[in-house]
>>> print(open('run_39.json').read())   # JSON, C-alpha atoms
[["chain", "number", "residue", "atom", "x", "y", "z"],
["X", 1, "MET", "CA", 85.40, 92.09, 145.88],
["X", 2, "LYS", "CA", 82.95, 93.34, 143.25],
["X", 3, "ILE", "CA", 84.96, 94.77, 140.36],
["X", 4, "GLY", "CA", 83.56, 96.73, 137.42],
["X", 5, "ILE", "CA", 85.90, 96.83, 134.41],
["X", 6, "LEU", "CA", 85.50, 99.51, 131.76],
["X", 7, "GLY", "CA", 86.79, 98.02, 128.53],
["X", 8, "CYS", "CA", 86.27, 94.58, 127.00],
["X", 9, "GLY", "CA", 89.41, 94.52, 124.89],
["X", 10, "ASN", "CA", 92.43, 92.26, 125.25],
["X", 11, "TRP", "CA", 93.74, 93.44, 128.63],
["X", 12, "GLY", "CA", 90.34, 94.27, 130.09],
["X", 13, "SER", "CA", 88.93, 90.81, 129.42],
["X", 14, "VAL", "CA", 92.12, 89.02, 130.56],
["X", 15, "PHE", "CA", 92.26, 91.06, 133.76],
["X", 16, "GLY", "CA", 88.62, 90.19, 134.37],
["X", 17, "ILE", "CA", 89.21, 86.48, 133.82],
["X", 18, "ILE", "CA", 92.18, 86.22, 136.19],
["X", 19, "GLN", "CA", 90.34, 88.23, 138.84],
["X", 20, "ALA", "CA", 87.24, 86.02, 138.51],
["X", 21, "LYS", "CA", 89.49, 83.00, 139.07],
["X", 22, "ASN", "CA", 90.83, 84.88, 142.08],
["X", 23, "GLY", "CA", 87.36, 84.83, 143.65],
["X", 24, "ASN", "CA", 86.22, 88.32, 142.73],
["X", 25, "LYS", "CA", 82.83, 89.15, 141.19],
["X", 26, "ILE", "CA", 83.46, 90.69, 137.78],
["X", 27, "SER", "CA", 81.37, 92.85, 135.44],
["X", 28, "ILE", "CA", 82.79, 94.18, 132.16],
["X", 29, "TRP", "CA", 81.55, 97.10, 130.08],
["X", 30, "GLU", "CA", 81.62, 96.76, 126.29],
["X", 31, "TYR", "CA", 80.62, 100.04, 124.64],
["X", 32, "ASN", "CA", 79.08, 98.43, 121.52],
["X", 33, "LYS", "CA", 75.60, 97.07, 122.28],
["X", 34, "GLU", "CA", 75.57, 94.35, 119.60],
["X", 35, "ARG", "CA", 79.03, 93.15, 120.54],
["X", 36, "ALA", "CA", 78.20, 93.18, 124.26],
["X", 37, "ILE", "CA", 75.13, 91.00, 123.64],
["X", 38, "TYR", "CA", 77.18, 88.65, 121.46],
["X", 39, "VAL", "CA", 80.00, 88.25, 124.00],
["X", 40, "GLN", "CA", 77.57, 87.85, 126.89],
["X", 41, "LYS", "CA", 75.74, 85.10, 124.99],
["X", 42, "THR", "CA", 78.65, 83.22, 123.36],
["X", 43, "ARG", "CA", 81.50, 84.11, 125.79],
["X", 44, "ASP", "CA", 83.64, 84.61, 122.68],
["X", 45, "ASN", "CA", 85.68, 87.83, 122.63],
["X", 46, "SER", "CA", 87.57, 87.29, 119.38],
["X", 47, "PRO", "CA", 89.57, 88.94, 117.88],
["X", 48, "PHE", "CA", 90.57, 90.69, 121.11],
["X", 49, "LEU", "CA", 90.96, 87.41, 122.96],
["X", 50, "SER", "CA", 91.39, 84.31, 120.81],
["X", 51, "GLY", "CA", 91.45, 80.74, 122.04],
["X", 52, "TYR", "CA", 89.83, 81.45, 125.41],
["X", 53, "LYS", "CA", 86.22, 81.85, 126.50],
["X", 54, "ILE", "CA", 85.09, 84.41, 129.03],
["X", 55, "PRO", "CA", 83.74, 82.48, 132.05],
["X", 56, "ALA", "CA", 79.98, 82.42, 132.54],
["X", 57, "SER", "CA", 80.43, 84.03, 135.96],
["X", 58, "ILE", "CA", 81.52, 87.30, 134.32],
["X", 59, "TYR", "CA", 78.71, 89.71, 133.46],
["X", 60, "ILE", "CA", 79.04, 91.78, 130.26],
["X", 61, "ASP", "CA", 76.86, 94.78, 129.38],
["X", 62, "TRP", "CA", 76.86, 97.88, 127.18],
["X", 63, "ARG", "CA", 75.07, 99.92, 129.85],
["X", 64, "VAL", "CA", 77.77, 101.40, 132.05],
["X", 65, "GLU", "CA", 75.38, 101.89, 134.98],
["X", 66, "ASN", "CA", 74.71, 98.13, 135.12],
["X", 67, "VAL", "CA", 78.41, 97.33, 135.17],
["X", 68, "LEU", "CA", 79.32, 99.84, 137.86],
["X", 69, "ARG", "CA", 76.32, 99.26, 140.11],
["X", 70, "ASP", "CA", 77.58, 98.35, 143.61],
["X", 71, "SER", "CA", 81.17, 98.04, 142.37],
["X", 72, "GLU", "CA", 83.80, 98.30, 145.09],
["X", 73, "LEU", "CA", 86.57, 98.81, 142.54],
["X", 74, "VAL", "CA", 86.22, 100.47, 139.14],
["X", 75, "VAL", "CA", 88.96, 99.49, 136.69],
["X", 76, "PHE", "CA", 89.76, 101.50, 133.56],
["X", 77, "ALA", "CA", 91.04, 99.28, 130.73],
["X", 78, "LEU", "CA", 90.34, 101.59, 127.79],
["X", 79, "PRO", "CA", 92.34, 103.13, 124.97],
["X", 80, "CYS", "CA", 93.71, 106.34, 126.43],
["X", 81, "GLN", "CA", 92.18, 108.64, 123.82],
["X", 82, "THR", "CA", 88.64, 107.43, 124.64],
["X", 83, "LEU", "CA", 88.95, 108.02, 128.39],
["X", 84, "ARG", "CA", 87.52, 111.54, 128.55],
["X", 85, "MET", "CA", 84.46, 110.51, 126.53],
["X", 86, "VAL", "CA", 83.77, 107.55, 128.82],
["X", 87, "LEU", "CA", 84.18, 109.68, 131.94],
["X", 88, "LYS", "CA", 81.45, 112.01, 130.64],
["X", 89, "GLU", "CA", 79.07, 109.04, 130.62],
["X", 90, "ILE", "CA", 80.12, 107.92, 134.10],
["X", 91, "LYS", "CA", 79.44, 111.40, 135.49],
["X", 92, "LYS", "CA", 75.80, 111.05, 134.40],
["X", 93, "ILE", "CA", 75.14, 108.11, 136.71],
["X", 94, "LYS", "CA", 75.23, 107.60, 140.44],
["X", 95, "ILE", "CA", 77.79, 105.15, 141.72],
["X", 96, "LYS", "CA", 78.52, 104.37, 145.32],
["X", 97, "GLU", "CA", 81.77, 105.37, 146.96],
["X", 98, "CYS", "CA", 84.50, 103.02, 145.75],
["X", 99, "ASP", "CA", 88.13, 102.80, 144.65],
["X", 100, "PHE", "CA", 89.42, 103.49, 141.14],
["X", 101, "LEU", "CA", 92.25, 101.77, 139.28],
["X", 102, "SER", "CA", 93.75, 102.59, 135.89],
["X", 103, "LEU", "CA", 95.39, 99.98, 133.65],
["X", 104, "ILE", "CA", 95.75, 102.54, 130.83],
["X", 105, "LYS", "CA", 99.18, 103.14, 129.31],
["X", 106, "GLY", "CA", 99.07, 106.41, 127.42],
["X", 107, "ILE", "CA", 98.96, 110.22, 127.47],
["X", 108, "ASP", "CA", 95.91, 112.20, 126.37],
["X", 109, "ILE", "CA", 96.75, 114.07, 123.16],
["X", 110, "LYS", "CA", 94.42, 117.00, 123.81],
["X", 111, "THR", "CA", 95.32, 117.78, 127.43],
["X", 112, "LEU", "CA", 98.77, 116.09, 127.63],
["X", 113, "GLN", "CA", 97.63, 114.66, 130.96],
["X", 114, "LEU", "CA", 98.09, 111.18, 132.38],
["X", 115, "PRO", "CA", 95.04, 108.91, 132.72],
["X", 116, "SER", "CA", 94.86, 108.97, 136.52],
["X", 117, "THR", "CA", 95.04, 112.77, 136.50],
["X", 118, "ILE", "CA", 92.10, 112.95, 134.11],
["X", 119, "ILE", "CA", 90.10, 110.42, 136.14],
["X", 120, "LYS", "CA", 90.69, 112.32, 139.37],
["X", 121, "ARG", "CA", 89.83, 115.66, 137.79],
["X", 122, "GLU", "CA", 86.65, 114.55, 136.05],
["X", 123, "LEU", "CA", 85.30, 112.49, 138.95],
["X", 124, "LYS", "CA", 86.62, 114.84, 141.66],
["X", 125, "LEU", "CA", 88.66, 112.15, 143.38],
["X", 126, "LYS", "CA", 91.58, 112.45, 145.77],
["X", 127, "ASN", "CA", 93.17, 109.21, 144.64],
["X", 128, "CYS", "CA", 93.26, 106.86, 141.66],
["X", 129, "PHE", "CA", 95.50, 103.80, 141.73],
["X", 130, "VAL", "CA", 97.64, 102.74, 138.79],
["X", 131, "LEU", "CA", 98.69, 99.20, 137.83],
["X", 132, "SER", "CA", 101.48, 98.84, 135.29],
["X", 133, "GLY", "CA", 104.53, 96.81, 134.35],
["X", 134, "PRO", "CA", 105.41, 93.95, 131.97],
["X", 135, "SER", "CA", 101.91, 92.69, 131.27],
["X", 136, "ILE", "CA", 101.46, 91.19, 127.81],
["X", 137, "ALA", "CA", 97.86, 90.01, 128.24],
["X", 138, "ASN", "CA", 98.18, 86.89, 126.08],
["X", 139, "GLU", "CA", 101.04, 85.62, 128.25],
["X", 140, "ILE", "CA", 99.03, 86.24, 131.41],
["X", 141, "ILE", "CA", 95.96, 84.36, 130.14],
["X", 142, "ARG", "CA", 98.26, 81.41, 129.36],
["X", 143, "GLY", "CA", 99.24, 81.34, 133.02],
["X", 144, "GLU", "CA", 102.79, 82.57, 132.48],
["X", 145, "PRO", "CA", 104.30, 84.45, 135.46],
["X", 146, "THR", "CA", 104.94, 88.17, 135.63],
["X", 147, "ALA", "CA", 105.26, 90.98, 138.16],
["X", 148, "VAL", "CA", 103.68, 94.42, 138.05],
["X", 149, "VAL", "CA", 103.53, 97.48, 140.28],
["X", 150, "LEU", "CA", 100.54, 99.09, 141.98],
["X", 151, "ALA", "CA", 100.95, 102.79, 142.70],
["X", 152, "GLY", "CA", 98.82, 105.20, 144.69],
["X", 153, "ARG", "CA", 98.86, 107.76, 147.49],
["X", 154, "ASP", "CA", 96.75, 105.78, 149.98],
["X", 155, "GLU", "CA", 99.23, 103.25, 151.36],
["X", 156, "ALA", "CA", 96.72, 101.31, 153.50],
["X", 157, "LYS", "CA", 94.26, 100.88, 150.63],
["X", 158, "ALA", "CA", 97.12, 100.00, 148.25],
["X", 159, "ARG", "CA", 98.15, 97.14, 150.54],
["X", 160, "GLU", "CA", 94.55, 95.94, 150.65],
["X", 161, "LEU", "CA", 94.26, 95.96, 146.85],
["X", 162, "GLN", "CA", 97.65, 94.29, 146.52],
["X", 163, "LYS", "CA", 96.39, 91.30, 148.48],
["X", 164, "ILE", "CA", 93.05, 91.16, 146.65],
["X", 165, "LEU", "CA", 94.41, 91.46, 143.09],
["X", 166, "ALA", "CA", 97.61, 89.40, 143.30],
["X", 167, "THR", "CA", 97.35, 85.90, 141.81],
["X", 168, "PRO", "CA", 99.72, 82.90, 141.78],
["X", 169, "ASN", "CA", 101.08, 84.14, 138.43],
["X", 170, "LEU", "CA", 100.66, 87.90, 138.89],
["X", 171, "ARG", "CA", 102.98, 89.22, 141.59],
["X", 172, "ILE", "CA", 102.18, 92.80, 142.64],
["X", 173, "TYR", "CA", 104.68, 95.21, 144.18],
["X", 174, "LEU", "CA", 103.73, 98.57, 145.72],
["X", 175, "ASN", "CA", 105.00, 101.97, 144.65],
["X", 176, "LYS", "CA", 104.27, 105.52, 145.88],
["X", 177, "ASP", "CA", 104.98, 107.23, 142.55],
["X", 178, "PRO", "CA", 101.88, 106.97, 140.29],
["X", 179, "ILE", "CA", 103.19, 109.72, 138.02],
["X", 180, "GLY", "CA", 106.40, 107.84, 137.29],
["X", 181, "VAL", "CA", 104.58, 104.54, 136.88],
["X", 182, "GLU", "CA", 102.21, 106.04, 134.30],
["X", 183, "ILE", "CA", 104.94, 107.90, 132.40],
["X", 184, "GLY", "CA", 107.02, 104.74, 132.15],
["X", 185, "GLY", "CA", 104.04, 102.74, 130.88],
["X", 186, "ALA", "CA", 103.17, 105.38, 128.29],
["X", 187, "VAL", "CA", 106.54, 106.40, 126.85],
["X", 188, "LYS", "CA", 107.85, 102.84, 126.64],
["X", 189, "ASN", "CA", 105.27, 102.29, 123.87],
["X", 190, "VAL", "CA", 106.99, 104.89, 121.71],
["X", 191, "LEU", "CA", 110.36, 103.26, 122.34],
["X", 192, "ALA", "CA", 108.87, 99.83, 121.58],
["X", 193, "ILE", "CA", 107.91, 101.19, 118.15],
["X", 194, "ALA", "CA", 111.54, 102.21, 117.69],
["X", 195, "CYS", "CA", 112.68, 98.70, 118.66],
["X", 196, "GLY", "CA", 110.22, 97.25, 116.19],
["X", 197, "ILE", "CA", 111.61, 99.51, 113.49],
["X", 198, "ILE", "CA", 115.09, 98.14, 114.25],
["X", 199, "ASP", "CA", 113.79, 94.59, 113.79],
["X", 200, "GLY", "CA", 111.98, 95.56, 110.61],
["X", 201, "LEU", "CA", 115.20, 97.00, 109.20],
["X", 202, "GLY", "CA", 117.00, 93.75, 110.02],
["X", 203, "PHE", "CA", 119.38, 95.12, 112.66],
["X", 204, "GLY", "CA", 120.55, 92.97, 115.57],
["X", 205, "THR", "CA", 120.47, 93.05, 119.34],
["X", 206, "ASN", "CA", 123.32, 95.54, 119.68],
["X", 207, "ALA", "CA", 121.15, 98.25, 118.18],
["X", 208, "LYS", "CA", 118.16, 97.27, 120.29],
["X", 209, "GLY", "CA", 120.17, 97.13, 123.51],
["X", 210, "ALA", "CA", 121.60, 100.58, 122.85],
["X", 211, "LEU", "CA", 118.17, 101.96, 122.07],
["X", 212, "ILE", "CA", 116.63, 100.56, 125.25],
["X", 213, "ALA", "CA", 119.43, 101.96, 127.42],
["X", 214, "ARG", "CA", 119.21, 105.42, 125.87],
["X", 215, "GLY", "CA", 115.43, 105.21, 125.81],
["X", 216, "ILE", "CA", 115.26, 104.84, 129.57],
["X", 217, "VAL", "CA", 117.26, 108.07, 129.84],
["X", 218, "GLU", "CA", 114.63, 109.83, 127.72],
["X", 219, "ILE", "CA", 111.78, 108.50, 129.86],
["X", 220, "GLN", "CA", 113.61, 109.60, 132.99],
["X", 221, "LYS", "CA", 114.23, 113.12, 131.67],
["X", 222, "LEU", "CA", 110.55, 113.64, 130.92],
["X", 223, "GLY", "CA", 109.40, 111.95, 134.11],
["X", 224, "VAL", "CA", 111.55, 114.10, 136.40],
["X", 225, "ARG", "CA", 110.24, 117.27, 134.75],
["X", 226, "MET", "CA", 106.68, 116.03, 135.33],
["X", 227, "GLY", "CA", 107.30, 115.35, 139.02],
["X", 228, "ALA", "CA", 108.24, 111.66, 139.07],
["X", 229, "ASP", "CA", 110.86, 109.87, 141.13],
["X", 230, "PRO", "CA", 113.79, 109.00, 138.79],
["X", 231, "LYS", "CA", 114.27, 105.62, 140.51],
["X", 232, "THR", "CA", 110.82, 104.50, 139.33],
["X", 233, "PHE", "CA", 112.01, 104.15, 135.74],
["X", 234, "TRP", "CA", 114.52, 101.45, 136.63],
["X", 235, "GLY", "CA", 111.75, 99.26, 138.02],
["X", 236, "LEU", "CA", 108.92, 97.16, 136.65],
["X", 237, "SER", "CA", 106.90, 99.98, 135.12],
["X", 238, "GLY", "CA", 109.94, 101.46, 133.40],
["X", 239, "LEU", "CA", 112.78, 99.18, 132.37],
["X", 240, "GLY", "CA", 110.77, 95.99, 132.98],
["X", 241, "ASP", "CA", 107.88, 97.02, 130.75],
["X", 242, "LEU", "CA", 110.16, 98.55, 128.12],
["X", 243, "VAL", "CA", 112.24, 95.38, 127.69],
["X", 244, "THR", "CA", 109.12, 93.22, 127.50],
["X", 245, "THR", "CA", 107.34, 95.37, 124.94],
["X", 246, "SER", "CA", 110.47, 95.90, 122.87],
["X", 247, "PHE", "CA", 111.15, 92.19, 122.37],
["X", 248, "SER", "CA", 107.67, 90.64, 122.36],
["X", 249, "GLU", "CA", 106.17, 89.64, 119.03],
["X", 250, "GLU", "CA", 102.79, 89.90, 120.79],
["X", 251, "SER", "CA", 103.29, 93.59, 121.52],
["X", 252, "ARG", "CA", 101.12, 95.81, 119.32],
["X", 253, "ASN", "CA", 103.63, 98.65, 119.46],
["X", 254, "HIS", "CA", 106.55, 96.44, 118.52],
["X", 255, "LYS", "CA", 104.47, 95.00, 115.68],
["X", 256, "LEU", "CA", 103.60, 98.47, 114.39],
["X", 257, "GLY", "CA", 107.26, 99.49, 114.44],
["X", 258, "LYS", "CA", 108.39, 96.32, 112.72],
["X", 259, "MET", "CA", 105.95, 96.89, 109.88],
["X", 260, "LEU", "CA", 107.15, 100.49, 109.54],
["X", 261, "GLY", "CA", 110.73, 99.22, 109.36],
["X", 262, "GLN", "CA", 109.69, 96.79, 106.64],
["X", 263, "GLY", "CA", 108.45, 99.70, 104.55],
["X", 264, "LYS", "CA", 104.71, 99.46, 105.06],
["X", 265, "SER", "CA", 102.69, 102.66, 105.16],
["X", 266, "LEU", "CA", 100.69, 103.72, 108.19],
["X", 267, "ALA", "CA", 97.47, 103.21, 106.20],
["X", 268, "GLU", "CA", 98.48, 99.61, 105.39],
["X", 269, "ILE", "CA", 99.39, 98.95, 109.03],
["X", 270, "LYS", "CA", 96.08, 100.28, 110.34],
["X", 271, "GLU", "CA", 94.23, 97.94, 107.99],
["X", 272, "GLU", "CA", 96.17, 94.94, 109.32],
["X", 273, "MET", "CA", 96.01, 95.73, 113.04],
["X", 274, "VAL", "CA", 92.80, 94.99, 114.91],
["X", 275, "MET", "CA", 93.74, 96.49, 118.26],
["X", 276, "VAL", "CA", 95.01, 99.97, 119.09],
["X", 277, "ALA", "CA", 98.76, 100.52, 119.39],
["X", 278, "GLU", "CA", 98.84, 103.27, 122.02],
["X", 279, "GLY", "CA", 102.34, 104.35, 121.01],
["X", 280, "LEU", "CA", 100.96, 105.73, 117.76],
["X", 281, "PHE", "CA", 99.15, 108.46, 119.69],
["X", 282, "THR", "CA", 101.63, 108.73, 122.55],
["X", 283, "ALA", "CA", 104.38, 109.65, 120.07],
["X", 284, "ARG", "CA", 102.50, 112.88, 119.32],
["X", 285, "ALA", "CA", 101.88, 113.63, 122.99],
["X", 286, "VAL", "CA", 105.51, 112.98, 123.95],
["X", 287, "ARG", "CA", 106.75, 115.21, 121.15],
["X", 288, "ARG", "CA", 104.58, 118.06, 122.45],
["X", 289, "LEU", "CA", 105.71, 117.48, 126.04],
["X", 290, "ALA", "CA", 109.37, 117.45, 125.00],
["X", 291, "LEU", "CA", 108.88, 120.82, 123.32],
["X", 292, "ARG", "CA", 106.94, 122.17, 126.32],
["X", 293, "TYR", "CA", 109.69, 121.23, 128.77],
["X", 294, "ASN", "CA", 112.56, 121.86, 126.34],
["X", 295, "ILE", "CA", 113.83, 118.29, 126.75],
["X", 296, "GLU", "CA", 116.02, 116.52, 124.22],
["X", 297, "MET", "CA", 114.34, 113.17, 123.40],
["X", 298, "PRO", "CA", 115.98, 112.12, 120.11],
["X", 299, "ILE", "CA", 114.63, 108.55, 119.89],
["X", 300, "CYS", "CA", 111.03, 109.58, 120.58],
["X", 301, "THR", "CA", 111.43, 112.49, 118.16],
["X", 302, "ILE", "CA", 112.60, 110.18, 115.36],
["X", 303, "VAL", "CA", 109.64, 107.85, 115.95],
["X", 304, "TYR", "CA", 107.32, 110.87, 115.73],
["X", 305, "GLU", "CA", 108.97, 111.99, 112.48],
["X", 306, "ILE", "CA", 108.75, 108.53, 110.94],
["X", 307, "ILE", "CA", 105.04, 108.25, 111.78],
["X", 308, "TYR", "CA", 103.86, 111.79, 111.15],
["X", 309, "LYS", "CA", 106.48, 113.47, 108.95],
["X", 310, "ASN", "CA", 107.09, 110.60, 106.50],
["X", 311, "LYS", "CA", 110.73, 110.26, 107.44],
["X", 312, "SER", "CA", 112.11, 106.95, 106.23],
["X", 313, "PRO", "CA", 112.95, 104.48, 109.04],
["X", 314, "ASP", "CA", 116.45, 103.94, 107.63],
["X", 315, "LYS", "CA", 117.21, 107.67, 107.54],
["X", 316, "GLY", "CA", 115.73, 108.03, 111.00],
["X", 317, "ILE", "CA", 118.11, 105.51, 112.55],
["X", 318, "LYS", "CA", 121.07, 106.95, 110.62],
["X", 319, "SER", "CA", 120.26, 110.43, 111.91],
["X", 320, "LEU", "CA", 120.38, 109.12, 115.49],
["X", 321, "MET", "CA", 123.82, 107.68, 114.87],
["X", 322, "ALA", "CA", 125.01, 110.95, 113.27],
["X", 323, "ARG", "CA", 124.20, 113.11, 116.30],
["X", 324, "PRO", "CA", 127.14, 114.97, 117.92],
["X", 325, "LEU", "CA", 129.23, 112.79, 120.22],
["X", 326, "LYS", "CA", 128.77, 113.40, 123.97],
["X", 327, "GLU", "CA", 129.21, 111.89, 127.41],
["X", 328, "GLU", "CA", 126.78, 109.24, 128.58],
["X", 329, "GLY", "CA", 124.19, 110.61, 130.96]]
>>> encode(input="run_39.json", output="structure tokens")
Amino acid sequence: MKIGILGCGNWGSVFGIIQAKNGNKISIWEYNKERAIYVQKTRDNSPFLSGYKIPASIYIDWRVENVLRDSELVVFALPCQTLRMVLKEIKKIKIKECDFLSLIKGIDIKTLQLPSTIIKRELKLKNCFVLSGPSIANEIIRGEPTAVVLAGRDEAKARELQKILATPNLRIYLNKDPIGVEIGGAVKNVLAIACGIIDGLGFGTNAKGALIARGIVEIQKLGVRMGADPKTFWGLSGLGDLVTTSFSEESRNHKLGKMLGQGKSLAEIKEEMVMVAEGLFTARAVRRLALRYNIEMPICTIVYEIIYKNKSPDKGIKSLMARPLKEEG
């Protein structure tokens, strides 16, 4: 299959590499012309992908029309907040009829919409598939096993893509709830920041286990109000992804939270981090959605207040513990 990938960051380049090894023809779009020329020439994608070269069989270009020409599958591997801008460029060119797949884990701050919803709206599509789950890109490029979920409304096409995209180390399950899959992948980044804060403060696994369990309840509350199947959040794109991101030292969101817990300012953290931590933006979106739907999401609210209202991490965790006692549920 000819696959055009929009985004030459960590996950975009890793996904391209494993799919090239899988026998697919891969083209990757890098928005910066100078960087695209450099990566195409040297095959070096540092600092987004260190220690591995991009195979010579993969074509890299800054001109989106060259990347998408004759693509049978267009894959979005972009930071969520840049999606609408990129879609404006795509709408200017003619691309043949094909399938669309989003790897994006986030919520658009301006519209409060999920990536697949924006893609379908802007490109006037009936369907856009979503792939999500525990997928730390650096583990995948090392050949370590994982399982993810592919969600979409077209069951026959989903089964076809499942067979094409699955690799010996990337097991793909099917799911009919793209809304739930995307919500799980987005909100877990906010909770991963909270878990990082716990580590930064020096707390143990009791605190983290409690946070993960209560965090899933928050994801489920929001997801159900947005039309998702509550069972989805106990699967790979919910609990599976949350546990992975909350414990992994290679998770950008966990790293951001840990540095906050250690007392570093947001300005200091941004200087240190090369790649985008989606949870930083998703925290704002989730806060607005919680207010819109009148949902109590205390953990996500505390993360928002720590990031944007200068609440101290220590006081934030203490305020969670001081909430009125209630039944679990």
>>> closest_residue(input="run_39.json", among="X:Gly184, X:Pro313, X:Pro168, X:Gly152", to="Val243 in chain X", atoms="only C-alpha atoms")
X:Gly184
>>> atom_distance(input="run_39.json", atom1="CA of Leu280 in chain X", atom2="CA of Leu103 in chain X")
17.8 Å
>>> residues_around(input="run_39.json", residues="Ile299 in chain X", least_positions_apart="4", cutoff="12 Å", atoms="all atoms listed in the file", output="ChimeraX atom specification")
/X:187-195,197-198,208,210-219,283,286-287,290,295,303-306,313,316-321,323
>>> residues_around(input="run_39.json", residues="Ala56 in chain X", least_positions_apart="5", cutoff="12 Å", atoms="only C-alpha atoms", output="MDAnalysis selection string")
chainID X and resid 16:17 20:21 25:27 39:44
>>> closest_residue(input="run_39.json", among="X:Gly238, X:Glu65, X:Thr111, X:Asp154", to="Lys91 in chain X", atoms="all atoms listed in the file")
X:Glu65
>>> atom_distance(input="run_39.json", atom1="CA of Pro145 in chain X", atom2="CA of Asn169 in chain X")
4.4 Å
>>> closest_residue(input="run_39.json", among="X:Arg171, X:Lys157, X:Lys176, X:Lys264", to="Gly200 in chain X", atoms="all atoms listed in the file")
X:Lys264
>>> residues_around(input="run_39.json", residues="range 252-255 of chain X", least_positions_apart="2", cutoff="7 Å", atoms="only C-alpha atoms", output="PyMOL selection string")
chain X and resi 189+192-193+195-196+245-246+249-250+257-259+277+279
>>> atom_distance(input="run_39.json", atom1="CA of Gly227 in chain X", atom2="CA of Met85 in chain X")
26.5 Å
>>> closest_residue(input="run_39.json", among="X:Cys98, X:Val274, X:Leu114, X:Met1", to="Ala186 in chain X", atoms="all atoms listed in the file")
X:Leu114
>>> residues_around(input="run_39.json", residues="Arg225 in chain X", least_positions_apart="2", cutoff="12 Å", atoms="all atoms listed in the file", output="PyMOL selection string")
chain X and resi 179-180+183+218-223+227-230+289-290+292-295
>>> closest_residue(input="run_39.json", among="X:Gly106, X:Gly4, X:Pro324, X:Gly261", to="Thr282 in chain X", atoms="only C-alpha atoms")
X:Gly106
>>> closest_residue(input="run_39.json", among="X:Leu6, X:Leu256, X:Ile18, X:Val224", to="Thr167 in chain X", atoms="only C-alpha atoms")
X:Ile18
